[in-house]
Amino acid sequence: MPGEIARRSAPKAPDGKTTAPRPRMEIGWREDIGLPDLGIGRLKAKIDTGARTSAIHAEDQVTFDREGQRWVAFTVPHAVPSRVEAPILDEREIKNTSGRPERRIVIRTTLVLGTRRWHIDLSLADRAEMTFDIILGRTAIRKRRILVNPGRSFLAGPPGKSAAETRSSA
């Protein structure tokens, strides 16, 4: 009927029953995140919905082979540990902050944001002139039922804990 809004049907569980959608998560324009596959427990990230791709500041990149797969070792200056290794997912042309394409190594890793965790693709970039070592672009948060509040910060709580858990332990 004209003027009606199309509604998506609710997701189905394996038994065919309708399941309730996961509640929306509100996050701020900057959040503490974790990258457990890299051993990084906490890192301040900028949420950048204007950027398509997520990027992490990676210095001293060295590629090598491990058991028939290409890997990269790199340093993230403000992370603990600062020297990390990951398998290479891809190499892509990605536009930098000036809009110029540059060839970057891309890795896939687990992101922890509040109590939620999922895999994201991260390009390795030179972010030395930027305030944040990592930005989360829109593809990292798309289809995750996340709302970004540009006027707030650190709404998700520390990685692995909800903001409510953090407030109740204070």
# chains A, B, ... in the order shown; residues from 1 in each chain; ligands from 1

$ residues_around --residues "range 93-101 of chain A" --least-positions-apart "2" --cutoff "10 Å" --atoms "only C-alpha atoms" --output "list in words"
Ala51, Arg52, Thr53, Ala55, Glu91, Arg103, Arg104, Ile105, Val106, Ser123, Ala125, Asp126, Arg127 and Met130 of chain A

$ residues_around --residues "Lys143 in chain A" --least-positions-apart "2" --cutoff "12 Å" --atoms "only C-alpha atoms" --output "list in words"
Pro21, Arg22, Arg24, Met25, Trp118, Arg138, Thr139, Ala140, Ile141, Arg145, Ile146 and Leu147 of chain A

$ closest_residue --among "A:Val72, A:Leu111, A:Ile134, A:Leu35" --to "Asp90 in chain A" --atoms "only C-alpha atoms"
A:Val72

$ atom_distance --atom1 "CA of Gly41 in chain A" --atom2 "CA of Glu67 in chain A"
26.7 Å

$ closest_residue --among "A:Thr109, A:Thr19, A:Thr115, A:Thr75" --to "Ala58 in chain A" --atoms "only C-alpha atoms"
A:Thr75

$ atom_distance --atom1 "CA of Val112 in chain A" --atom2 "CA of Leu38 in chain A"
11.6 Å

$ select_by_dssp --residues "chain A" --states "strand (DSSP E)" --output "count of residues only"
78

$ residues_around --residues "Gly39 in chain A" --least-positions-apart "5" --cutoff "8 Å" --atoms "only C-alpha atoms" --output "list in words"
Val80, Pro81 and Val84 of chain A

$ closest_residue --among "A:Leu89, A:Ile120, A:Ile47, A:Ala20" --to "Ser153 in chain A" --atoms "only C-alpha atoms"
A:Ile47

$ select_by_dssp --residues "chain A" --states "alpha helix (DSSP H)" --output "NGL selection string"
:A and (138-141 or 163-169)

$ write_last_selection --atoms "N, CA, C and O atoms" --output "mmCIF file, in the first residue's frame"
data_model
loop_
_atom_site.group_PDB
_atom_site.id
_atom_site.type_symbol
_atom_site.label_atom_id
_atom_site.label_comp_id
_atom_site.auth_asym_id
_atom_site.auth_seq_id
_atom_site.Cartn_x
_atom_site.Cartn_y
_atom_site.Cartn_z
ATOM 1 N N ARG A 138 32.562 2.614 8.994
ATOM 2 C CA ARG A 138 31.162 2.171 9.012
ATOM 3 C C ARG A 138 30.986 0.694 8.698
ATOM 4 O O ARG A 138 30.051 0.074 9.191
ATOM 5 N N THR A 139 31.880 0.086 7.892
ATOM 6 C CA THR A 139 31.704 -1.344 7.611
ATOM 7 C C THR A 139 31.952 -2.197 8.849
ATOM 8 O O THR A 139 31.435 -3.303 8.938
ATOM 9 N N ALA A 140 32.726 -1.694 9.811
ATOM 10 C CA ALA A 140 32.989 -2.457 11.044
ATOM 11 C C ALA A 140 31.767 -2.516 11.953
ATOM 12 O O ALA A 140 31.607 -3.467 12.719
ATOM 13 N N ILE A 141 30.907 -1.509 11.876
ATOM 14 C CA ILE A 141 29.757 -1.472 12.781
ATOM 15 C C ILE A 141 28.418 -1.686 12.071
ATOM 16 O O ILE A 141 27.390 -1.813 12.727
ATOM 17 N N ALA A 163 28.641 -1.030 30.116
ATOM 18 C CA ALA A 163 28.718 0.249 30.825
ATOM 19 C C ALA A 163 28.000 0.137 32.171
ATOM 20 O O ALA A 163 28.448 0.706 33.167
ATOM 21 N N ALA A 164 26.911 -0.631 32.239
ATOM 22 C CA ALA A 164 26.176 -0.814 33.502
ATOM 23 C C ALA A 164 27.043 -1.542 34.522
ATOM 24 O O ALA A 164 27.054 -1.186 35.701
ATOM 25 N N GLU A 165 27.790 -2.564 34.085
ATOM 26 C CA GLU A 165 28.694 -3.278 35.008
ATOM 27 C C GLU A 165 29.762 -2.330 35.544
ATOM 28 O O GLU A 165 30.123 -2.382 36.721
ATOM 29 N N THR A 166 30.272 -1.459 34.693
ATOM 30 C CA THR A 166 31.313 -0.515 35.089
ATOM 31 C C THR A 166 30.766 0.466 36.126
ATOM 32 O O THR A 166 31.413 0.729 37.130
ATOM 33 N N ARG A 167 29.552 0.978 35.898
ATOM 34 C CA ARG A 167 28.949 1.931 36.851
ATOM 35 C C ARG A 167 28.652 1.258 38.179
ATOM 36 O O ARG A 167 28.844 1.856 39.227
ATOM 37 N N SER A 168 28.190 -0.001 38.171
ATOM 38 C CA SER A 168 27.812 -0.663 39.425
ATOM 39 C C SER A 168 29.026 -1.041 40.271
ATOM 40 O O SER A 168 28.923 -1.174 41.470
ATOM 41 N N SER A 169 30.214 -1.181 39.646
ATOM 42 C CA SER A 169 31.403 -1.545 40.421
ATOM 43 C C SER A 169 32.144 -0.308 40.919
ATOM 44 O O SER A 169 33.109 -0.427 41.654
#

$ residues_around --residues "Ile107 in chain A" --least-positions-apart "5" --cutoff "6 Å" --atoms "only C-alpha atoms" --output "ChimeraX atom specification"
/A:88-89,121-122

$ closest_residue --among "A:Ile56, A:Ile33, A:Leu43, A:Val62" --to "Ala128 in chain A" --atoms "only C-alpha atoms"
A:Ile56

$ residues_around --residues "Arg30 in chain A" --least-positions-apart "2" --cutoff "9 Å" --atoms "only C-alpha atoms" --output "MDAnalysis selection string"
chainID A and resid 27:28 32 44:48 135 150 152:155

$ write_last_selection --atoms "N, CA and C atoms" --output "compact mmCIF listing (two decimals), in the first residue's frame"
# COMPACT_ATOMS: atom_id res chain seq x y z
N ILE A 27 26.69 3.84 21.21
CA ILE A 27 28.09 4.10 21.51
C ILE A 27 28.39 5.57 21.22
N GLY A 28 29.49 6.05 21.75
CA GLY A 28 29.91 7.42 21.52
C GLY A 28 30.83 7.54 20.32
N ASP A 32 36.58 2.80 24.11
CA ASP A 32 37.66 1.87 24.40
C ASP A 32 37.29 0.54 23.78
N LYS A 44 42.06 3.18 22.72
CA LYS A 44 41.05 4.20 22.43
C LYS A 44 40.84 4.28 20.92
N ALA A 45 39.58 4.19 20.50
CA ALA A 45 39.24 4.21 19.08
C ALA A 45 38.30 5.36 18.78
N LYS A 46 38.46 5.93 17.60
CA LYS A 46 37.52 6.92 17.10
C LYS A 46 36.52 6.19 16.21
N ILE A 47 35.25 6.42 16.41
CA ILE A 47 34.20 5.85 15.58
C ILE A 47 33.98 6.85 14.44
N ASP A 48 34.27 6.43 13.23
CA ASP A 48 34.25 7.35 12.09
C ASP A 48 33.32 6.82 11.01
N ILE A 135 40.79 3.85 13.92
CA ILE A 135 39.44 4.33 13.64
C ILE A 135 38.60 3.13 13.23
N PRO A 150 27.07 11.16 18.40
CA PRO A 150 28.25 12.00 18.18
C PRO A 150 28.53 12.99 19.31
N ARG A 152 28.52 12.11 22.58
CA ARG A 152 28.91 11.37 23.79
C ARG A 152 30.16 10.54 23.52
N SER A 153 30.81 10.10 24.60
CA SER A 153 32.02 9.26 24.50
C SER A 153 31.96 8.15 25.53
N PHE A 154 32.60 7.04 25.20
CA PHE A 154 32.82 5.92 26.12
C PHE A 154 31.52 5.39 26.74
N LEU A 155 30.50 5.20 25.93
CA LEU A 155 29.22 4.69 26.41
C LEU A 155 29.20 3.18 26.55

$ atom_distance --atom1 "CA of Arg117 in chain A" --atom2 "CA of Thr131 in chain A"
24.3 Å

$ residues_around --residues "Leu113 in chain A" --least-positions-apart "3" --cutoff "8 Å" --atoms "only C-alpha atoms" --output "ChimeraX atom specification"
/A:31-34,116-117,156-160

$ write_last_selection --atoms "N, CA, C and O atoms" --output "short mmCIF file (atom, residue, chain, number, x, y, z; two decimals), in the first residue's frame"
data_model
loop_
_atom_site.label_atom_id
_atom_site.label_comp_id
_atom_site.auth_asym_id
_atom_site.auth_seq_id
_atom_site.Cartn_x
_atom_site.Cartn_y
_atom_site.Cartn_z
N GLU A 31 35.49 5.33 21.78
CA GLU A 31 35.23 4.21 22.68
C GLU A 31 36.52 3.46 22.96
O GLU A 31 37.45 3.47 22.14
N ASP A 32 36.58 2.80 24.11
CA ASP A 32 37.66 1.87 24.40
C ASP A 32 37.29 0.54 23.78
O ASP A 32 36.17 0.05 23.97
N ILE A 33 38.23 -0.04 23.03
CA ILE A 33 37.98 -1.31 22.36
C ILE A 33 39.11 -2.28 22.72
O ILE A 33 40.16 -1.87 23.21
N GLY A 34 38.88 -3.56 22.45
CA GLY A 34 39.92 -4.56 22.61
C GLY A 34 40.12 -5.29 21.30
O GLY A 34 39.18 -5.42 20.50
N ARG A 116 30.15 -6.89 23.41
CA ARG A 116 30.00 -7.53 22.10
C ARG A 116 31.36 -7.78 21.45
O ARG A 116 32.30 -7.02 21.66
N ARG A 117 31.41 -8.84 20.64
CA ARG A 117 32.63 -9.15 19.90
C ARG A 117 32.28 -9.72 18.54
O ARG A 117 31.32 -10.46 18.40
N ALA A 156 30.05 2.47 25.82
CA ALA A 156 30.01 1.00 25.81
C ALA A 156 30.67 0.37 27.03
O ALA A 156 30.46 -0.80 27.31
N GLY A 157 31.47 1.13 27.75
CA GLY A 157 32.21 0.57 28.87
C GLY A 157 33.49 -0.08 28.38
O GLY A 157 33.73 -0.19 27.17
N PRO A 158 34.33 -0.53 29.30
CA PRO A 158 35.59 -1.17 28.90
C PRO A 158 35.33 -2.43 28.09
O PRO A 158 34.28 -3.07 28.25
N PRO A 159 36.28 -2.83 27.25
CA PRO A 159 36.08 -4.05 26.46
C PRO A 159 35.82 -5.26 27.35
O PRO A 159 36.54 -5.49 28.31
N GLY A 160 34.75 -5.97 27.04
CA GLY A 160 34.39 -7.17 27.80
C GLY A 160 33.43 -6.89 28.94
O GLY A 160 32.92 -7.81 29.57
#
